[in-house]
Structures are given as C-alpha cells and as structure tokens.
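Below: structure-v6.txt (compact mmCIF, C-alpha atoms)
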# COMPACT_ATOMS: atom_id res chain seq x y z
CA MET A 1 -9.99 -0.60 -15.52
CA THR A 2 -8.08 2.05 -17.49
CA LEU A 3 -4.59 1.17 -18.64
CA GLY A 4 -1.84 3.61 -19.36
CA THR A 5 -2.47 6.28 -16.74
CA THR A 6 -0.08 9.19 -17.24
CA SER A 7 0.97 9.59 -13.61
CA PRO A 8 1.27 7.29 -10.61
CA PRO A 9 -0.97 7.46 -7.54
CA ALA A 10 0.15 8.99 -4.29
CA PRO A 11 1.59 6.29 -1.98
CA LEU A 12 -0.52 4.91 0.85
CA SER A 13 1.19 6.29 3.95
CA PRO A 14 -0.95 6.46 7.10
CA GLY A 15 1.11 8.33 9.66
CA GLY A 16 4.34 7.71 7.75
CA ASP A 17 5.88 5.11 5.49
CA ALA A 18 3.48 2.26 4.67
CA ALA A 19 6.40 -0.11 4.26
CA ALA A 20 7.17 0.30 7.97
CA LEU A 21 4.10 -1.79 8.77
CA PHE A 22 5.70 -4.79 7.07
CA ALA A 23 8.80 -6.80 7.94
CA LEU A 24 10.54 -6.11 4.63
CA ASP A 25 14.14 -5.15 3.96
CA PRO A 26 13.93 -1.57 2.61
CA ASP A 27 17.10 -2.12 0.59
CA VAL A 28 15.41 -4.84 -1.45
CA LEU A 29 13.06 -3.98 -4.32
CA HIS A 30 9.87 -5.96 -3.67
CA LEU A 31 7.85 -6.23 -6.89
CA ASN A 32 6.65 -9.80 -6.35
CA HIS A 33 4.06 -9.67 -3.59
CA GLY A 34 1.95 -12.19 -5.52
CA SER A 35 4.30 -15.11 -4.85
CA PHE A 36 4.84 -15.10 -1.10
CA GLY A 37 3.19 -11.96 0.24
CA ALA A 38 4.51 -9.76 3.04
CA VAL A 39 3.53 -10.05 6.69
CA PRO A 40 2.67 -7.05 8.89
CA ARG A 41 4.95 -6.68 11.89
CA ALA A 42 1.92 -6.84 14.18
CA ALA A 43 1.02 -10.30 12.87
CA LEU A 44 4.58 -11.54 13.30
CA ALA A 45 4.61 -10.20 16.85
CA GLU A 46 1.36 -12.00 17.57
CA GLN A 47 2.72 -15.22 16.11
CA ALA A 48 5.85 -14.90 18.28
CA ARG A 49 3.68 -14.33 21.35
CA LEU A 50 1.67 -17.44 20.56
CA LYS A 51 4.82 -19.50 20.03
CA ASP A 52 5.99 -18.44 23.49
CA LEU A 53 2.69 -19.63 24.96
CA MET A 54 2.99 -22.93 23.14
CA GLU A 55 6.51 -23.53 24.44
CA ALA A 56 5.69 -22.40 27.98
CA SER A 57 3.02 -25.06 28.50
CA PRO A 58 2.61 -27.50 25.60
CA VAL A 59 0.02 -29.60 27.45
CA LEU A 60 -2.30 -26.66 27.96
CA TRP A 61 -1.55 -25.25 24.52
CA PHE A 62 -2.49 -28.28 22.50
CA GLY A 63 -5.48 -28.99 24.70
CA GLU A 64 -6.85 -25.51 24.05
CA LEU A 65 -5.74 -25.29 20.41
CA PRO A 66 -9.04 -26.39 18.76
CA GLU A 67 -10.86 -23.59 20.57
CA ARG A 68 -8.26 -21.04 19.44
CA LEU A 69 -8.48 -22.32 15.87
CA LEU A 70 -12.26 -22.04 15.90
CA LEU A 71 -11.95 -18.35 16.73
CA ALA A 72 -9.32 -17.81 14.02
CA ARG A 73 -11.32 -19.78 11.47
CA THR A 74 -14.41 -17.70 12.23
CA ALA A 75 -12.45 -14.48 11.72
CA VAL A 76 -11.04 -15.78 8.42
CA ALA A 77 -14.52 -16.80 7.23
CA ASP A 78 -15.84 -13.33 8.08
CA PHE A 79 -13.04 -11.78 6.02
CA LEU A 80 -13.89 -14.05 3.09
CA GLY A 81 -17.62 -13.41 3.47
CA VAL A 82 -18.60 -17.06 4.01
CA PRO A 83 -19.96 -19.10 6.95
CA ALA A 84 -17.39 -20.57 9.31
CA SER A 85 -19.35 -23.83 9.17
CA ARG A 86 -18.27 -24.27 5.55
CA THR A 87 -14.66 -23.15 6.05
CA ALA A 88 -11.60 -25.21 7.04
CA LEU A 89 -8.01 -24.07 7.54
CA VAL A 90 -5.33 -25.76 5.41
CA PRO A 91 -1.60 -25.02 4.88
CA ASN A 92 -1.87 -23.69 1.32
CA ALA A 93 -3.96 -23.86 -1.83
CA SER A 94 -2.14 -26.93 -3.14
CA ALA A 95 -2.84 -28.78 0.12
CA GLY A 96 -6.51 -27.84 -0.07
CA ILE A 97 -6.78 -29.06 -3.65
CA THR A 98 -5.14 -32.33 -2.58
CA VAL A 99 -7.68 -32.70 0.24
CA VAL A 100 -10.48 -32.38 -2.30
CA LEU A 101 -8.92 -34.75 -4.84
CA ASN A 102 -8.35 -37.33 -2.12
CA SER A 103 -12.02 -37.19 -1.14
CA LEU A 104 -13.57 -37.46 -4.58
CA VAL A 105 -14.50 -40.94 -5.79
CA LEU A 106 -13.62 -40.73 -9.46
CA PRO A 107 -15.12 -43.32 -11.79
CA ASP A 108 -12.84 -45.51 -13.87
CA GLY A 109 -11.58 -43.62 -16.90
CA ALA A 110 -12.62 -40.25 -15.48
CA GLU A 111 -11.52 -37.07 -17.20
CA VAL A 112 -10.58 -33.90 -15.35
CA VAL A 113 -10.67 -30.66 -17.33
CA LEU A 114 -8.31 -27.78 -16.59
CA THR A 115 -6.71 -24.99 -18.59
CA ASP A 116 -3.18 -24.32 -19.76
CA HIS A 117 -3.03 -21.36 -17.33
CA GLY A 118 -3.10 -23.63 -14.27
CA TYR A 119 -0.56 -23.82 -11.46
CA GLY A 120 1.97 -26.59 -12.04
CA ALA A 121 1.72 -28.22 -8.61
CA VAL A 122 -2.07 -28.44 -8.88
CA THR A 123 -1.82 -29.91 -12.36
CA MET A 124 0.53 -32.59 -11.03
CA ALA A 125 -1.92 -33.40 -8.23
CA VAL A 126 -4.70 -33.81 -10.80
CA GLU A 127 -2.48 -36.06 -12.92
CA ARG A 128 -1.88 -38.33 -9.93
CA ALA A 129 -5.59 -38.45 -9.11
CA VAL A 130 -6.68 -39.49 -12.60
CA ALA A 131 -3.84 -41.99 -12.93
CA ARG A 132 -5.32 -43.94 -10.02
CA VAL A 133 -8.50 -44.60 -12.04
CA GLY A 134 -6.99 -44.92 -15.49
CA GLY A 135 -8.34 -41.53 -16.49
CA ARG A 136 -6.79 -38.56 -18.19
CA VAL A 137 -6.27 -34.84 -17.86
CA VAL A 138 -7.87 -32.68 -20.55
CA ARG A 139 -5.96 -29.42 -20.81
CA VAL A 140 -7.82 -26.63 -22.59
CA ALA A 141 -5.81 -23.99 -24.44
CA VAL A 142 -7.23 -20.57 -23.57
CA PRO A 143 -5.68 -17.56 -25.32
CA LEU A 144 -4.28 -14.90 -23.02
CA THR A 145 -6.59 -12.39 -24.70
CA ALA A 146 -9.77 -14.48 -24.26
CA ASP A 147 -12.66 -12.75 -22.53
CA ALA A 148 -15.18 -14.45 -20.24
CA GLU A 149 -17.47 -15.58 -23.04
CA GLU A 150 -14.71 -17.08 -25.17
CA THR A 151 -13.09 -18.77 -22.17
CA THR A 152 -16.38 -20.30 -21.06
CA ALA A 153 -17.08 -21.65 -24.54
CA LEU A 154 -13.61 -23.18 -24.87
CA VAL A 155 -13.72 -24.95 -21.51
CA LEU A 156 -17.24 -26.29 -21.96
CA ALA A 157 -16.35 -27.59 -25.43
CA ALA A 158 -13.84 -29.91 -23.75
CA PHE A 159 -16.50 -31.64 -21.62
CA THR A 160 -17.44 -35.18 -22.58
CA GLU A 161 -19.54 -37.90 -20.98
CA ARG A 162 -16.41 -38.89 -19.05
CA THR A 163 -15.80 -35.46 -17.53
CA ALA A 164 -16.01 -35.78 -13.74
CA VAL A 165 -14.25 -32.63 -12.49
CA VAL A 166 -13.25 -29.21 -13.79
CA VAL A 167 -10.41 -27.35 -12.05
CA LEU A 168 -10.48 -23.58 -12.51
CA ASP A 169 -8.21 -20.73 -11.43
CA ALA A 170 -9.85 -17.68 -9.91
CA ILE A 171 -6.67 -15.76 -10.77
CA THR A 172 -4.05 -17.55 -12.83
CA SER A 173 -0.50 -17.68 -11.48
CA PRO A 174 1.57 -17.59 -14.72
CA THR A 175 -0.65 -15.17 -16.62
CA ALA A 176 -2.24 -12.89 -13.98
CA ARG A 177 -5.77 -13.12 -15.38
CA ARG A 178 -9.22 -14.02 -14.14
CA MET A 179 -11.25 -17.02 -15.19
CA PRO A 180 -15.10 -16.94 -15.39
CA VAL A 181 -15.42 -19.19 -12.33
CA GLU A 182 -19.08 -18.70 -11.52
CA ALA A 183 -20.33 -19.16 -15.07
CA LEU A 184 -18.25 -22.28 -15.59
CA SER A 185 -19.14 -23.73 -12.19
CA ALA A 186 -22.84 -23.24 -12.88
CA ALA A 187 -22.53 -24.85 -16.32
CA ALA A 188 -20.55 -27.71 -14.79
CA ALA A 189 -23.25 -28.31 -12.18
CA GLU A 190 -25.87 -28.57 -14.93
CA ARG A 191 -23.78 -31.33 -16.50
CA GLY A 192 -23.12 -33.18 -13.24
CA VAL A 193 -19.47 -32.11 -13.17
CA VAL A 194 -17.74 -31.17 -9.91
CA SER A 195 -16.13 -27.70 -9.85
CA VAL A 196 -12.89 -27.10 -7.95
CA VAL A 197 -11.48 -23.57 -7.80
CA ASP A 198 -7.84 -22.78 -7.14
CA ALA A 199 -8.17 -19.28 -5.71
CA ALA A 200 -4.59 -19.04 -4.44
CA HIS A 201 -4.34 -15.34 -5.34
CA ALA A 202 -7.91 -14.23 -4.57
CA PRO A 203 -8.23 -13.48 -0.80
CA GLY A 204 -7.64 -9.78 -0.29
CA ALA A 205 -7.08 -9.19 -4.01
CA LEU A 206 -10.81 -9.45 -4.78
CA ALA A 207 -13.52 -7.77 -2.76
CA SER A 208 -15.64 -10.94 -2.92
CA PRO A 209 -13.04 -13.68 -3.35
CA VAL A 210 -15.23 -16.76 -2.82
CA GLU A 211 -17.23 -17.45 -5.97
CA ALA A 212 -20.00 -20.02 -6.22
CA CYS A 213 -18.55 -23.48 -6.88
CA ASP A 214 -18.33 -26.87 -5.17
CA TYR A 215 -14.85 -26.54 -3.65
CA TRP A 216 -12.84 -23.32 -3.29
CA VAL A 217 -9.31 -22.96 -1.87
CA GLY A 218 -7.53 -19.64 -1.33
CA ASN A 219 -4.18 -18.68 0.18
CA LEU A 220 -4.16 -16.26 3.09
CA HIS A 221 -0.38 -15.71 2.89
CA LYS A 222 -0.42 -13.85 -0.42
CA TYR A 223 -2.50 -10.69 -0.83
CA ALA A 224 -4.22 -11.12 2.56
CA CYS A 225 -0.74 -10.94 4.15
CA GLY A 226 -1.11 -13.74 6.70
CA PRO A 227 2.02 -15.59 7.82
CA ARG A 228 3.26 -18.21 5.36
CA GLY A 229 1.50 -21.53 5.31
CA THR A 230 -2.07 -20.29 5.72
CA ALA A 231 -5.05 -20.97 3.47
CA ALA A 232 -8.79 -21.60 3.63
CA LEU A 233 -10.91 -24.34 2.08
CA VAL A 234 -14.57 -23.42 1.51
CA VAL A 235 -17.16 -25.95 0.37
CA ARG A 236 -20.67 -25.77 -0.97
CA GLU A 237 -23.34 -26.51 1.63
CA GLY A 238 -23.62 -30.25 2.26
CA LEU A 239 -20.27 -31.29 0.75
CA GLY A 240 -17.98 -30.97 3.76
CA GLU A 241 -18.60 -34.30 5.46
CA GLU A 242 -16.65 -36.19 2.81
CA LEU A 243 -13.52 -34.09 3.39
CA PHE A 244 -10.73 -35.07 5.78
CA PRO A 245 -7.40 -33.34 6.52
CA LEU A 246 -4.24 -34.75 5.02
CA ILE A 247 -3.19 -36.01 8.46
CA ASP A 248 -5.57 -38.17 10.48
CA SER A 249 -5.63 -37.10 14.11
CA TRP A 250 -7.91 -37.23 17.15
CA GLY A 251 -10.46 -35.03 15.41
CA ALA A 252 -11.15 -37.61 12.70
CA ARG A 253 -14.57 -38.42 14.17
CA GLU A 254 -15.57 -34.78 14.42
CA SER A 255 -17.79 -33.24 11.77
CA PHE A 256 -16.52 -30.90 9.05
CA PRO A 257 -14.81 -28.49 9.54
CA LEU A 258 -14.00 -29.24 13.20
CA ARG A 259 -11.88 -32.24 12.23
CA PHE A 260 -9.48 -29.85 10.48
CA ASP A 261 -8.91 -28.04 13.79
CA TYR A 262 -7.22 -31.16 15.21
CA GLN A 263 -3.81 -31.65 13.63
CA GLY A 264 -1.74 -33.17 16.42
CA THR A 265 1.45 -31.25 17.19
CA LEU A 266 1.37 -29.08 14.09
CA ASP A 267 2.47 -25.49 14.75
CA ALA A 268 -0.79 -23.61 14.11
CA THR A 269 0.43 -20.15 15.13
CA ALA A 270 0.46 -18.87 11.54
CA TRP A 271 -3.30 -19.49 11.24
CA LEU A 272 -3.91 -17.95 14.64
CA ALA A 273 -2.00 -14.77 13.72
CA THR A 274 -3.70 -14.32 10.35
CA PRO A 275 -6.71 -12.36 11.70
CA VAL A 276 -4.23 -9.82 13.10
CA ALA A 277 -2.72 -9.38 9.63
CA VAL A 278 -6.12 -8.83 8.03
CA ARG A 279 -7.19 -6.42 10.76
CA THR A 280 -3.93 -4.45 10.62
CA ILE A 281 -4.35 -3.67 6.92
CA GLU A 282 -8.02 -2.82 7.30
CA GLU A 283 -7.29 -0.39 10.13
CA ALA A 284 -4.25 1.18 8.46
CA PHE A 285 -5.60 1.61 4.92
CA GLY A 286 -8.90 -0.16 4.32
CA TRP A 287 -8.93 -3.15 1.97
CA ASP A 288 -10.88 -1.33 -0.74
CA ALA A 289 -8.28 1.45 -0.73
CA VAL A 290 -5.42 -1.05 -1.03
CA ARG A 291 -7.03 -2.74 -4.03
CA ALA A 292 -7.74 0.59 -5.72
CA TYR A 293 -4.21 1.84 -5.07
CA SER A 294 -2.63 -1.37 -6.37
CA ALA A 295 -4.66 -1.24 -9.57
CA GLU A 296 -3.80 2.39 -10.27
CA LEU A 297 -0.12 1.88 -9.48
CA LEU A 298 0.13 -1.19 -11.70
CA ASP A 299 -1.73 0.49 -14.57
CA TRP A 300 1.03 3.08 -14.57
CA ALA A 301 3.89 0.69 -13.77
CA GLY A 302 2.94 -1.72 -16.53
CA VAL A 303 3.33 1.01 -19.13
CA VAL A 304 6.52 2.45 -17.62
CA VAL A 305 8.23 -0.95 -17.46
CA ALA A 306 7.07 -1.98 -20.95
CA GLU A 307 8.39 1.26 -22.43
CA ARG A 308 11.73 0.76 -20.70
CA VAL A 309 11.90 -2.84 -21.96
CA ALA A 310 11.40 -1.52 -25.49
CA GLU A 311 14.07 1.15 -24.99
CA LEU A 312 16.64 -1.31 -23.64
CA SER A 313 15.97 -4.30 -25.86
CA GLY A 314 13.94 -3.15 -28.85
CA TRP A 315 11.15 -5.54 -27.86
CA GLU A 316 7.90 -3.56 -28.09
CA ARG A 317 5.22 -6.23 -27.89
CA ARG A 318 2.65 -5.54 -25.16
CA ALA A 319 0.87 -8.23 -23.16
CA GLU A 320 -2.89 -8.18 -23.75
CA VAL A 321 -4.80 -9.92 -20.95
CA GLY A 322 -8.45 -10.65 -21.58
CA MET A 323 -9.61 -10.63 -17.94
CA ALA A 324 -7.14 -8.48 -15.98
CA VAL A 325 -6.94 -8.39 -12.18
CA PRO A 326 -6.31 -5.38 -9.94
CA THR A 327 -3.21 -6.72 -8.19
CA MET A 328 -0.92 -8.03 -10.97
CA ARG A 329 0.22 -7.01 -14.46
CA LEU A 330 2.14 -8.79 -17.21
CA VAL A 331 4.96 -7.19 -19.17
CA GLU A 332 6.16 -9.23 -22.13
CA LEU A 333 9.92 -9.77 -22.26
CA PRO A 334 12.17 -10.52 -25.26
CA PRO A 335 11.75 -14.18 -26.28
CA SER A 336 15.50 -14.81 -26.06
CA LEU A 337 15.40 -14.29 -22.29
CA THR A 338 13.61 -17.43 -21.10
CA VAL A 339 10.74 -19.68 -22.15
CA ASP A 340 10.35 -22.26 -19.39
CA ARG A 341 9.91 -22.46 -15.64
CA GLU A 342 13.38 -23.74 -14.83
CA THR A 343 15.27 -20.94 -16.58
CA SER A 344 12.74 -18.38 -15.36
CA ASP A 345 13.25 -19.43 -11.75
CA ALA A 346 17.02 -19.37 -12.18
CA LEU A 347 16.83 -15.82 -13.56
CA ARG A 348 14.53 -14.80 -10.70
CA ASP A 349 17.06 -16.13 -8.17
CA VAL A 350 19.94 -14.27 -9.81
CA MET A 351 17.98 -11.02 -9.62
CA ALA A 352 17.22 -11.57 -5.93
CA ARG A 353 20.73 -12.66 -4.98
CA GLU A 354 22.87 -10.34 -7.08
CA HIS A 355 20.62 -7.33 -7.65
CA ARG A 356 18.43 -7.37 -4.51
CA THR A 357 15.29 -7.28 -6.62
CA GLU A 358 12.42 -9.72 -6.07
CA LEU A 359 10.51 -10.48 -9.26
CA ALA A 360 8.18 -13.09 -10.72
CA ILE A 361 9.24 -14.23 -14.19
CA THR A 362 6.77 -16.51 -15.92
CA SER A 363 6.20 -18.00 -19.36
CA PHE A 364 3.14 -18.87 -21.39
CA GLU A 365 2.84 -20.23 -24.93
CA GLY A 366 6.60 -19.97 -25.32
CA ARG A 367 6.74 -16.29 -24.37
CA PRO A 368 8.40 -14.90 -21.22
CA TYR A 369 6.69 -12.35 -19.01
CA LEU A 370 7.50 -10.21 -16.05
CA ARG A 371 4.58 -10.49 -13.61
CA LEU A 372 4.43 -7.31 -11.57
CA SER A 373 2.44 -7.35 -8.33
CA ALA A 374 1.90 -4.67 -5.73
CA HIS A 375 0.47 -4.02 -2.28
CA ALA A 376 0.13 -1.09 0.10
CA TYR A 377 3.91 -0.84 0.62
CA THR A 378 4.79 -0.69 -3.11
CA THR A 379 5.59 2.84 -4.27
CA PRO A 380 6.14 4.60 -7.60
CA GLU A 381 9.73 5.13 -6.48
CA ASP A 382 10.16 1.35 -6.33
CA VAL A 383 9.10 1.09 -9.96
CA LEU A 384 11.41 3.92 -11.04
CA ARG A 385 14.33 2.28 -9.19
CA PHE A 386 13.57 -0.95 -11.01
CA VAL A 387 13.52 0.54 -14.51
CA ASP A 388 16.93 1.98 -13.82
CA ALA A 389 19.71 -0.59 -13.24
CA PRO A 390 17.82 -3.78 -12.22
CA LEU A 391 15.75 -3.99 -15.40
CA ALA A 392 18.85 -3.44 -17.51
CA ALA A 393 20.54 -6.27 -15.62
CA LEU A 394 17.53 -8.50 -16.18
CA LEU A 395 17.62 -7.90 -19.89
CA GLY A 396 21.38 -8.38 -20.02
CA THR A 397 22.01 -4.88 -21.28
CA SER A 398 23.60 -1.74 -19.88
CA ARG A 399 22.53 1.85 -19.99

For the structure just supplied, provide its representation as structure tokens.
Amino acid sequence: MTLGTTSPPAPLSPGGDAAALFALDPDVLHLNHGSFGAVPRAALAEQARLKDLMEASPVLWFGELPERLLLARTAVADFLGVPASRTALVPNASAGITVVLNSLVLPDGAEVVLTDHGYGAVTMAVERAVARVGGRVVRVAVPLTADAEETTALVLAAFTERTAVVVLDAITSPTARRMPVEALSAAAAERGVVSVVDAAHAPGALASPVEACDYWVGNLHKYACGPRGTAALVVREGLGEELFPLIDSWGARESFPLRFDYQGTLDATAWLATPVAVRTIEEAFGWDAVRAYSAELLDWAGVVVAERVAELSGWERRAEVGMAVPTMRLVELPPSLTVDRETSDALRDVMAREHRTELAITSFEGRPYLRLSAHAYTTPEDVLRFVDAPLAALLGTSR
C-alpha cells in the first residue's frame, strides 16, 4: 500500500450521506471505529424487532432460539468464509480466548508464548491459565518495524521444550499491525505447539480474515459493524468437541458448536441482528470498496495528522509499521503526552467528553500513538475538522 497520497478519496455516499446509514451523532468526530465499531440503523432496527418478539412470548422465544442462532451462525460463517460446523458464537474475542484456555489441558510448568503487542485482557487471561499449572508467560519483544520474516524468527526463537501454546494477534490493538499468523501457526504445528489467534480486529477489515491456525476468535462488533457483544470462534477440524461455552446450560450434551447455541436466558438478539449489519454494508457499498476506501483515506489522513502534530508541537517523528493494515494507522505523538494505558484512557475520555472527538490513544515501548481508524462513514472533512481545534486541544496547545 502506498503511503502519503497527495489527495483524499471521494467519500462513499450511495444515494446520499454514508453516515446516515449508521446510528452516529453527526456532531461527534468519530475517528476510532476500531475500538467499538458503529452499527447500521437497519441492524439496530432488526435487534429492536427481535427484542419485541422475545418480550412478547418468552416461552416461545427461548424454545426457538437455538434454531434462530443456527441461521445467524451460518450467515456469519459464510461472511468469514468458513464452515458453520466449525464456528461458534461468543460475546467477544476475550471470551472466546477464555473458552479456549479453559479447554486446554496444559502440562505442569507449561510456557505460553505471546508478543508485546498483545491485548492486555488476553494477556491477563493467559497469565491466569499458566498460573494454574505453575507455568509462565514468555513475552517476545517484536519491533514495530519488523516485517513478517523478522517477526516469525523472533517468535520461534522463544520456543522451548516447555512451550505448549502460542497466542498471536491477527491485527494488534495497540500498534495497528499484522502478525504473520499462518507462517507462525504452521511452524508451531510442526513443533507440537497449539496456535491461538486473537483476530479481534480482522472480520470485515481483511478480505479473508480467518487464517489457518488451531483456534481463531474474531469480533463482529468492530469492522464488521454488528451490534456490541458479538464475536465468532472458529476451530480447526476435529478440535471443537473439547470446547464448551463459559456458561453450562441445557446444550452441554450437544456437539460442538450446537452447545454454544444454548445459553439459557442470555439476550442473543445482537448475534441474530449481525447478519443484517453485514448485508447492509455489502449492499450499500460492497466490502471490498469499503476496505479500499478506508486504506486510501487513512494513507492520506496519517500524513495530514502527522504534519499537523509536527506543526503544533515540533514533534516530527513518524511511526513506521512493518506490517500495516488497511483499516488503521498510527501517528506518533510527543512523548510528554502519555506513555501508559491509564493516562492514555484518561486523555481519550477528556477528548470525548469535552471536545466531542472519539479517538484511540495507545502506547508502545514508552511512546504514545494516536491510532486512527476509519470506515465507510469517515470522510476527509472529519480529518480536516480534527486537525483544526481538537488536535490542538489533544496536544495541549492553541493555534
């Protein structure tokens, strides 16, 4: 992908303003789709309709729910390009990773390898899993600039005879980069190591989001724009029977993945409405067009924002990402701004509350970054509005 395009792309606007398809406040600058997504109005309307059905006759609703979930799960699997027989619905990527960790029988003293780009909640889940067997987490330092070959070599160098599992990110949350999932999963299989892929950001963002591995979990409420609390767990053929949902219910004796379709009185309307979200975007824009538009917009926006950061603060260092993704970009911020998650989140909340601007502010190796993310509704005008007053407020300067 070419960085530094000189002009932005034309907005995606089928029959009018693309933002009108989503339930977003037009007075808020939304430059953080990667955290929580945005839901099409049609999907929210479908979810509301389903909630009305549930409340109108709970006995019939919950009796028929597994059949409804089977249809939704099949539609989700089709979108992901995988068989429904290897796909289960879970609340989010962290829940899916926990399902997998709960199922694995780790030997005493087991080591689990992951990288320093991993998502914090997943890392904590891994720490709890290895603590139960007196094992340890091996965290591999991977430079932000590392390409696929260097990354693969670094991760494999951390394997020992005690390595039982490797946890990989398809797209990293703090650093907006890819990891060579298929190459590392294949190498892990040769060494008898289980591969678990946290693909929280992959569905919708990648044309073929499910890469070959043992266990794959991806959120549907981020780039795929499903209602919040929707994700899919995909397993390699033959591995599903050892997996059980986090809550035991009447489907416990069913085979995988049917047992995941029985979750008692859980409100499943978000999963059921997700196929409408996916279909709405396909019909309005086409998923390939959305990905291409996002990449072109962010190529331009990354340069525009970085130049404005330099103008306002004097900080001219550019983020160099070894394996960039089409839907997010990093802009390095002055090091005095923030260097940890707590202060970054506090700054993010101030921007949302006081400046009506939704951002993702991350840190890696002691350096703060602005993580820009876009979707069909994001426009060049949004970026230009941001580099005016909101960015100055973020940096603590004035024009």

Residue neighbourhood segment 218-230 of chain A, 8 Å, all atoms listed in the file, exclusion window fewer than 4 positions, as number ranges by chain: A: 33-40, 43-44, 89-93, 198-205, 270-271, 273-275, 277-278, 375

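For the pair atom CA of Ala129 of chain A and atom CA of Thr163 of chain A, the interatomic distance is 13.6 Å.
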
Nearest candidate to Gly118 of chain A (options A:Val181, A:Leu156, A:Leu239, A:Ile171; using all atoms listed in the file): A:Ile171

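Counting only C-alpha atoms and comparing A:Leu154, A:Leu69, A:Ala84, A:Leu298, the residue that lies closest to Asp382 of chain A is A:Leu298.
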
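Of the residues listed (A:Arg191, A:Arg49, A:Arg177, A:Arg41), A:Arg191 shows the shortest atom-to-atom separation from Thr160 of chain A; distances use only C-alpha atoms.
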
Computed interatomic separation between atom CA of Glu316 of chain A and atom CA of Leu391 of chain A (Å):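 We find that atom CA of Glu316 of chain A and atom CA of Leu391 of chain A lie 14.9 Å from each other.
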
A:Asp27, A:Val303, A:Glu46, A:Ser103 ranked by distance to Pro245 of chain A, top pick (using only C-alpha atoms): A:Ser103

Within 10 Å of Leu394 of chain A, counting only C-alpha atoms, which residues show up once you throw out same-chain ones fewer than 4 positions away? Write them as a PDB file with C-alpha atoms, in the frame of the given file, please.
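Final file, around.pdb:
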ATOM      1  CA  VAL A 309      11.900  -2.840 -21.960  1.00  0.00           C
ATOM      2  CA  LEU A 333       9.920  -9.770 -22.260  1.00  0.00           C
ATOM      3  CA  LEU A 337      15.400 -14.290 -22.290  1.00  0.00           C
ATOM      4  CA  LEU A 347      16.830 -15.820 -13.560  1.00  0.00           C
ATOM      5  CA  ARG A 348      14.530 -14.800 -10.700  1.00  0.00           C
ATOM      6  CA  VAL A 350      19.940 -14.270  -9.810  1.00  0.00           C
ATOM      7  CA  MET A 351      17.980 -11.020  -9.620  1.00  0.00           C
ATOM      8  CA  HIS A 355      20.620  -7.330  -7.650  1.00  0.00           C
ATOM      9  CA  THR A 357      15.290  -7.280  -6.620  1.00  0.00           C
ATOM     10  CA  PHE A 386      13.570  -0.950 -11.010  1.00  0.00           C
ATOM     11  CA  ALA A 389      19.710  -0.590 -13.240  1.00  0.00           C
ATOM     12  CA  PRO A 390      17.820  -3.780 -12.220  1.00  0.00           C
ATOM     13  CA  SER A 398      23.600  -1.740 -19.880  1.00  0.00           C
TER      14      SER A 398
END

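When only C-alpha atoms are used to measure the gap to Glu354 of chain A, the shortest distance among A:Ala393, A:Leu70, A:Val210, A:Leu101 belongs to A:Ala393.
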
Residue nearest Tyr262 of chain A - candidates A:Ala319, A:Arg279, A:Thr74, A:Phe244, atoms counted: only C-alpha atoms: A:Phe244
